[in-house]
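What follows is target_2.txt (compact mmCIF, C-alpha atoms).
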```txt
# COMPACT_ATOMS: atom_id res chain seq x y z
CA MET A 25 2.59 -27.66 -12.48
CA THR A 26 5.82 -26.27 -11.04
CA GLU A 27 7.64 -27.55 -14.13
CA PHE A 28 5.27 -25.52 -16.29
CA PHE A 29 5.94 -22.33 -14.34
CA LEU A 30 9.68 -22.97 -14.49
CA MET A 31 9.43 -23.29 -18.27
CA VAL A 32 7.46 -20.02 -18.33
CA LEU A 33 10.29 -18.42 -16.36
CA ILE A 34 12.87 -19.62 -18.88
CA VAL A 35 10.87 -18.43 -21.88
CA LEU A 36 10.33 -15.02 -20.26
CA SER A 37 14.07 -14.77 -19.54
CA LEU A 38 14.83 -15.53 -23.19
CA LEU A 39 12.35 -12.82 -24.22
CA ILE A 40 14.12 -10.38 -21.91
CA LEU A 41 17.38 -11.31 -23.63
CA VAL A 42 15.88 -10.20 -26.96
CA TYR A 43 14.83 -6.88 -25.45
CA LEU A 44 18.25 -6.48 -23.87
CA TYR A 45 19.83 -6.80 -27.31
CA ARG A 46 17.74 -3.84 -28.49
CA VAL A 47 18.60 -1.82 -25.37
CA ILE A 48 22.33 -2.37 -25.83
CA GLN A 49 22.50 -2.23 -29.61
CA GLY A 50 19.71 0.28 -30.27
CA PRO A 51 20.93 3.06 -32.52
CA THR A 52 18.80 5.80 -30.94
CA VAL A 53 17.86 6.60 -27.39
CA PHE A 54 14.20 5.93 -28.16
CA ASP A 55 14.97 2.32 -29.05
CA ARG A 56 16.64 1.95 -25.69
CA VAL A 57 13.72 3.52 -23.82
CA LEU A 58 11.23 1.22 -25.55
CA GLY A 59 13.43 -1.80 -24.88
CA LEU A 60 13.72 -0.85 -21.22
CA ASN A 61 9.94 -0.54 -20.92
CA GLY A 62 9.53 -3.95 -22.54
CA ILE A 63 12.02 -5.46 -20.12
CA SER A 64 10.16 -4.04 -17.15
CA THR A 65 6.78 -5.36 -18.27
CA LYS A 66 8.26 -8.85 -18.78
CA ALA A 67 10.04 -8.61 -15.47
CA ILE A 68 6.93 -7.69 -13.50
CA ILE A 69 5.30 -10.90 -14.77
CA LEU A 70 8.54 -12.78 -14.07
CA VAL A 71 8.46 -11.78 -10.39
CA VAL A 72 4.84 -12.91 -10.02
CA VAL A 73 5.59 -16.26 -11.69
CA MET A 74 8.55 -16.67 -9.32
CA GLY A 75 6.17 -16.10 -6.43
CA THR A 76 3.90 -18.83 -7.80
CA VAL A 77 6.83 -21.23 -7.91
CA TYR A 78 7.70 -20.43 -4.29
CA ASP A 79 4.04 -20.42 -3.10
CA ARG A 80 4.52 -16.92 -1.71
CA VAL A 81 2.64 -14.89 -4.30
CA ASP A 82 1.49 -12.24 -1.79
CA MET A 83 5.04 -11.19 -1.01
CA PHE A 84 6.24 -11.23 -4.61
CA VAL A 85 3.24 -9.22 -5.77
CA ASP A 86 4.47 -6.49 -3.39
CA ILE A 87 7.83 -6.41 -5.16
CA SER A 88 6.30 -6.29 -8.59
CA THR A 89 3.89 -3.52 -7.59
CA GLY A 90 6.72 -1.47 -6.12
CA TYR A 91 8.79 -1.98 -9.21
CA ALA A 92 5.89 -1.09 -11.51
CA LEU A 93 5.26 2.16 -9.63
CA LEU A 94 8.94 3.13 -9.58
CA ASN A 95 9.23 2.20 -13.24
CA LEU A 96 6.47 4.68 -14.03
CA VAL A 97 8.41 7.40 -12.20
CA GLY A 98 11.54 6.41 -14.13
CA ALA A 99 9.67 6.56 -17.43
CA PHE A 100 8.42 10.05 -16.54
CA ALA A 101 11.95 11.16 -15.68
CA ILE A 102 13.24 9.84 -19.01
CA ALA A 103 10.41 11.51 -20.92
CA LYS A 104 11.06 14.81 -19.13
CA PHE A 105 14.75 14.53 -19.92
CA LEU A 106 14.13 13.87 -23.60
CA GLU A 107 11.64 16.74 -23.75
CA GLN A 108 14.18 19.17 -22.38
CA ARG A 109 17.27 17.87 -24.13
CA GLY A 110 15.74 16.86 -27.49
CA ASN A 111 17.15 13.97 -29.45
CA LEU A 112 20.44 12.96 -27.95
CA MET B 175 17.95 -29.15 -13.72
CA ILE B 176 15.45 -26.50 -14.85
CA TYR B 177 16.35 -24.55 -11.71
CA ALA B 178 20.01 -24.48 -12.81
CA VAL B 179 19.09 -23.37 -16.35
CA ASN B 180 17.01 -20.56 -14.91
CA ILE B 181 19.67 -19.18 -12.60
CA ALA B 182 22.23 -19.49 -15.41
CA LEU B 183 19.98 -17.47 -17.73
CA LEU B 184 19.49 -14.77 -15.10
CA LEU B 185 23.24 -14.61 -14.48
CA LEU B 186 23.84 -14.33 -18.23
CA LEU B 187 21.43 -11.37 -18.38
CA LEU B 188 23.21 -9.84 -15.37
CA VAL B 189 26.70 -10.15 -16.86
CA THR B 190 25.56 -8.89 -20.28
CA ALA B 191 23.95 -5.80 -18.77
CA ALA B 192 26.93 -5.12 -16.51
CA SER B 193 29.47 -5.26 -19.33
CA ALA B 194 27.23 -3.30 -21.70
CA THR B 195 27.04 -0.51 -19.12
CA PHE B 196 30.74 0.06 -19.59
CA LEU B 197 30.85 -0.48 -23.35
CA VAL B 198 28.16 1.92 -24.64
CA LYS B 199 29.28 5.33 -25.83
CA GLU B 200 26.81 7.72 -24.19
CA LEU B 201 26.17 8.25 -20.50
CA MET B 202 22.40 8.29 -21.02
CA SER B 203 22.35 4.76 -22.43
CA SER B 204 24.70 3.72 -19.65
CA VAL B 205 22.13 4.92 -17.14
CA PHE B 206 19.35 2.93 -18.83
CA ILE B 207 21.38 -0.26 -18.98
CA LEU B 208 22.49 0.23 -15.37
CA GLY B 209 18.81 0.33 -14.42
CA SER B 210 18.13 -2.96 -16.18
CA TYR B 211 21.27 -4.46 -14.57
CA SER B 212 19.95 -3.50 -11.18
CA PHE B 213 16.65 -5.10 -11.98
CA PHE B 214 18.27 -8.37 -13.09
CA LEU B 215 20.15 -8.37 -9.78
CA ALA B 216 16.79 -8.01 -8.03
CA LEU B 217 15.48 -10.99 -10.00
CA VAL B 218 18.46 -13.07 -8.90
CA TRP B 219 17.84 -12.11 -5.27
CA ALA B 220 14.16 -13.01 -5.63
CA TRP B 221 15.07 -16.33 -7.22
CA LEU B 222 17.43 -17.12 -4.32
CA GLY B 223 14.61 -16.42 -1.85
CA ALA B 224 15.87 -13.11 -0.44
CA VAL B 225 12.63 -11.25 -1.11
CA ASP B 226 13.34 -8.20 1.04
CA VAL B 227 16.74 -7.61 -0.57
CA ALA B 228 15.10 -7.98 -3.99
CA PHE B 229 12.50 -5.40 -3.03
CA VAL B 230 15.12 -2.87 -1.95
CA GLU B 231 17.23 -3.52 -5.04
CA ALA B 232 14.26 -3.11 -7.40
CA VAL B 233 13.00 0.07 -5.76
CA ILE B 234 16.29 1.82 -4.95
CA GLY B 235 18.59 0.44 -7.63
CA ALA B 236 16.33 0.14 -10.63
CA GLY B 237 13.84 2.89 -9.85
CA LEU B 238 15.33 5.62 -7.71
CA ALA B 239 18.97 5.44 -8.86
CA THR B 240 17.92 5.78 -12.51
CA VAL B 241 15.93 8.90 -11.68
CA LEU B 242 18.80 10.36 -9.64
CA PHE B 243 21.30 9.69 -12.45
CA LEU B 244 18.94 11.34 -14.95
CA ILE B 245 18.57 14.38 -12.68
CA THR B 246 22.36 14.59 -12.61
CA LEU B 247 22.47 14.38 -16.41
CA PHE B 248 19.99 17.29 -16.57
CA ASP B 249 22.69 19.56 -15.22
CA THR B 250 25.54 18.44 -17.45
CA ALA B 251 26.43 19.88 -20.84
CA PRO B 252 25.73 17.65 -23.89
CA LYS B 253 29.47 17.29 -24.52
CA ASP B 254 29.92 15.74 -21.09
CA SER B 255 27.45 12.94 -21.76
CA ARG B 256 29.30 11.57 -24.77
CA LEU B 257 32.31 9.57 -23.76
CA ARG B 258 35.60 9.03 -25.47
CA ARG B 259 37.00 6.19 -23.46
CA PRO B 260 40.62 5.18 -23.67
CA PRO B 261 41.13 1.45 -24.34
CA PRO B 262 41.27 -0.50 -21.08
CA PRO B 263 44.71 -1.32 -19.71
CA LEU B 264 46.07 -4.77 -20.47
CA ALA B 265 46.55 -5.56 -16.77
CA GLY B 266 42.82 -5.07 -16.19
CA VAL B 267 41.75 -7.12 -19.24
CA LEU B 268 43.92 -10.05 -18.16
CA GLY B 269 43.83 -9.65 -14.40
CA LEU B 270 40.12 -9.26 -13.72
CA PRO B 271 39.01 -12.51 -15.45
CA LEU B 272 41.83 -14.30 -13.62
CA LEU B 273 40.57 -12.87 -10.34
CA GLY B 274 37.06 -14.02 -11.24
CA ILE B 275 38.25 -17.55 -11.96
CA LEU B 276 40.13 -17.54 -8.65
CA LEU B 277 36.98 -16.46 -6.79
CA LEU B 278 34.89 -19.16 -8.53
CA PHE B 279 37.56 -21.70 -7.55
CA ALA B 280 37.41 -20.53 -3.94
CA ALA B 281 33.59 -20.63 -3.98
CA ASN B 282 33.79 -24.42 -4.24
CA ASP B 283 34.81 -24.50 -0.58
CA LEU B 284 31.65 -22.71 0.54
CA TRP B 285 28.76 -24.64 2.00
CA PRO B 286 25.98 -25.63 -0.42
CA PHE B 287 23.13 -23.15 -0.75
CA GLY B 288 20.42 -23.86 1.83
CA ASP B 289 22.40 -26.49 3.76
CA PRO B 290 20.85 -26.70 7.26
CA THR B 291 24.15 -27.86 8.82
CA SER B 292 26.28 -24.99 7.51
CA PRO B 293 27.94 -22.80 10.18
CA PRO B 294 25.75 -19.72 9.60
CA ASN B 295 22.66 -21.87 10.13
CA ILE B 296 23.81 -23.56 13.35
CA HIS B 297 25.82 -20.79 15.00
CA ILE B 298 23.31 -18.23 16.30
CA SER B 299 20.20 -18.51 14.13
CA PRO B 300 18.50 -21.20 16.26
CA VAL B 301 18.95 -19.02 19.36
CA TYR B 302 17.20 -16.13 17.66
CA LEU B 303 14.44 -18.34 16.31
CA GLN B 304 13.76 -19.98 19.67
CA GLN B 305 14.18 -17.10 22.11
CA SER B 306 13.41 -13.90 20.25
CA PHE B 307 9.72 -13.86 21.14
CA ALA B 308 10.39 -14.55 24.83
CA ASP B 309 13.15 -11.90 24.90
CA THR B 310 11.55 -9.09 22.94
CA LEU B 311 7.81 -9.91 22.58
CA THR B 312 8.08 -9.09 18.85
CA PRO B 313 6.36 -11.58 16.53
CA ASN B 314 8.69 -10.88 13.58
CA VAL B 315 12.16 -12.38 14.12
CA VAL B 316 13.89 -10.11 11.60
CA THR B 317 12.47 -7.04 13.31
CA SER B 318 13.55 -8.25 16.73
CA VAL B 319 17.11 -8.87 15.49
CA LEU B 320 17.26 -5.50 13.75
CA MET B 321 15.65 -3.38 16.45
CA ASP B 322 16.45 -5.21 19.70
CA TYR B 323 19.51 -7.43 19.47
CA ARG B 324 21.32 -5.04 17.14
CA GLY B 325 19.60 -1.84 18.21
CA PHE B 326 22.79 0.20 18.56
CA ASP B 327 23.97 -0.94 15.14
CA THR B 328 20.72 0.25 13.57
CA LEU B 329 20.85 3.51 15.51
CA ILE B 330 24.36 4.33 14.25
CA GLU B 331 23.36 3.37 10.71
CA THR B 332 20.47 5.83 10.94
CA VAL B 333 22.90 8.50 12.17
CA VAL B 334 25.18 7.84 9.18
CA ILE B 335 22.31 8.11 6.69
CA PHE B 336 20.98 11.24 8.38
CA THR B 337 24.46 12.84 8.23
CA ALA B 338 24.72 11.97 4.55
CA GLY B 339 21.31 13.55 3.96
CA ILE B 340 22.36 16.76 5.74
CA ALA B 341 25.57 16.87 3.68
CA CYS B 342 23.60 16.46 0.44
CA ALA B 343 21.17 19.19 1.46
CA LEU B 344 24.10 21.53 2.25
CA LEU B 345 25.84 20.78 -1.06
CA LEU B 346 22.71 21.14 -3.19
CA ARG B 347 21.26 24.28 -1.56
CA GLU B 348 20.59 27.21 -3.83
CA PRO B 349 23.45 29.72 -3.78
CA GLY B 350 22.88 33.11 -2.20
CA ARG B 351 20.40 32.01 0.40
```
Would you mind writing the structure in this file as C-alpha cells?
Amino acid sequence: MTEFFLMVLIVLSLLILVYLYRVIQGPTVFDRVLGLNGISTKAIILVVVMGTVYDRVDMFVDISTGYALLNLVGAFAIAKFLEQRGNL
Amino acid sequence: MIYAVNIALLLLLLVTAASATFLVKELMSSVFILGSYSFFLALVWAWLGAVDVAFVEAVIGAGLATVLFLITLFDTAPKDSRLRRPPPPLAGVLGLPLLGILLLFAANDLWPFGDPTSPPNIHISPVYLQQSFADTLTPNVVTSVLMDYRGFDTLIETVVIFTAGIACALLLREPGR
C-alpha cells in the first residue's frame, strides 16, 4: 500500500510541474494566479498523502489546514491587489 | 528507489521555482513564484520528516510573506514593478554553479540521513531524551529543550523579535501623529 501512495506522490508532483509551467510562462497575471491556486490545491493533498506514508496523518493534516487557510488569505490579497491596480 | 525519485522531483520543482523567481520580468509574478518556491521547500521539509519546520515554512513563507510582499507592492508605482535587469555578471554565472558542485562534493563527507550513530545523534540527544522529564517535568522533549535547557536563548530571541516589531511600528506609523 505504501508503494501506491508513493506513486500517488510522484504523479501529484508531476501535475504540480505542469501547473508550475503555467505560473512561470503564463502571459498574463491571471494565468499565474490560477496556476498558483492549482498548485496549492494539489499541494494540500500532497501533504496529506505524505502523512499517510509516514503514518502521522494527524500532524500533517494540521500543516495542510494551516496552509489552506493562509492560501485563502493570500488569494484575497492578490484579488484585492488586482482590483485596485487593474490588469498589470 | 521510489523515495529517491520523489525527493528528486521535489528538488527539481524547488530549483525551477527558485530560478524562475529571478528570471521573470515583473515583480508581481516574482512574488507569486516566490510563494510557490516557499511551499515546495515546505514539502521537502515535510518529506524529510521535519514537520514543525514545514509548518512554519508553509505558513510564514508561502502564506504571510506573499501577503506582505503584495502589501509592499500596493505602495509602489507601476513603473517600479516592471524590471529591466542587466545581464548577470560572468563571474556569477560561472562561479555559483562551481560553488554548488563544490558543496555537493563536500556533502559526501556528511553522515547518511537518519544514521543513529552519527555525532549529532550520540552527542547530547540521548541525555535530553532520558533526563528531560526528570529534570523539567515537561512531557514534550522539544518544549523542555526550548524553554528550560535553552531558556535564555529563547528569551533573547524573543527580545530580538520584539525589538524588530517596535522598529517596524515606528517606521510604518502615520506621519503627523
Distance-based interface of chain A with chain B, 8 Å, counting all atoms listed in the file, as a PyMOL selection string: chain A and resi 27+30-31+33-34+37-38+41+44+47-48+53+56-57+60+63+71+74+83-84+87+90-91+94-95+97-98+101-102+105
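Note that the spacing between atom CA of Pro286 of chain B and atom CA of Leu222 of chain B amounts to 12.7 Å.
Here atom CA of Gly59 of chain A is placed at a distance of 29.1 Å from atom CA of Arg80 of chain A.
Relative to atom CA of Leu106 of chain A, atom CA of Gly339 of chain B is found at 28.5 Å.
For the residues B:Leu329, B:Leu208, B:Ala280, B:Val319, ranking by smallest atom-to-atom distance to Ser299 of chain B using all atoms listed in the file places B:Val319 first.
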Centre and edges of the segment 196-204 of chain B box, axis-aligned, 8 Å extra per side, as AutoDock Vina command-line options:
```
--center_x 26.6 --center_y 3.9 --center_z -22.7 --size_x 24.5 --size_y 24.8 --size_z 22.2
```
Please supply segment 305-319 of chain B, rebuilt with N, CA and C atoms, as a tab-separated table (two decimals), in the frame of the given file.
```tsv
chain	number	residue	atom	x	y	z
B	305	GLN	N	14.33	-17.97	20.94
B	305	GLN	CA	14.18	-17.10	22.11
B	305	GLN	C	13.72	-15.69	21.80
B	306	SER	N	13.63	-15.32	20.51
B	306	SER	CA	13.41	-13.90	20.25
B	306	SER	C	12.05	-13.45	20.77
B	307	PHE	N	11.03	-14.32	20.67
B	307	PHE	CA	9.72	-13.86	21.14
B	307	PHE	C	9.70	-13.69	22.65
B	308	ALA	N	10.36	-14.66	23.37
B	308	ALA	CA	10.39	-14.55	24.83
B	308	ALA	C	11.21	-13.33	25.26
B	309	ASP	N	12.29	-13.02	24.51
B	309	ASP	CA	13.15	-11.90	24.90
B	309	ASP	C	12.52	-10.55	24.60
B	310	THR	N	11.92	-10.43	23.41
B	310	THR	CA	11.55	-9.09	22.94
B	310	THR	C	10.06	-8.91	22.74
B	311	LEU	N	9.26	-9.97	22.79
B	311	LEU	CA	7.81	-9.91	22.58
B	311	LEU	C	7.46	-9.32	21.21
B	312	THR	N	8.35	-9.55	20.21
B	312	THR	CA	8.08	-9.09	18.85
B	312	THR	C	7.81	-10.31	17.99
B	313	PRO	N	6.66	-10.37	17.30
B	313	PRO	CA	6.36	-11.58	16.53
B	313	PRO	C	7.29	-11.79	15.35
B	314	ASN	N	7.84	-10.73	14.76
B	314	ASN	CA	8.69	-10.88	13.58
B	314	ASN	C	10.15	-11.01	14.02
B	315	VAL	N	10.80	-12.12	13.64
B	315	VAL	CA	12.16	-12.38	14.12
B	315	VAL	C	13.14	-11.37	13.53
B	316	VAL	N	12.96	-11.05	12.24
B	316	VAL	CA	13.89	-10.11	11.60
B	316	VAL	C	13.82	-8.76	12.30
B	317	THR	N	12.61	-8.32	12.62
B	317	THR	CA	12.47	-7.04	13.31
B	317	THR	C	13.12	-7.07	14.68
B	318	SER	N	12.96	-8.20	15.40
B	318	SER	CA	13.55	-8.25	16.73
B	318	SER	C	15.08	-8.24	16.66
B	319	VAL	N	15.65	-8.91	15.63
B	319	VAL	CA	17.11	-8.87	15.49
B	319	VAL	C	17.57	-7.46	15.16
```
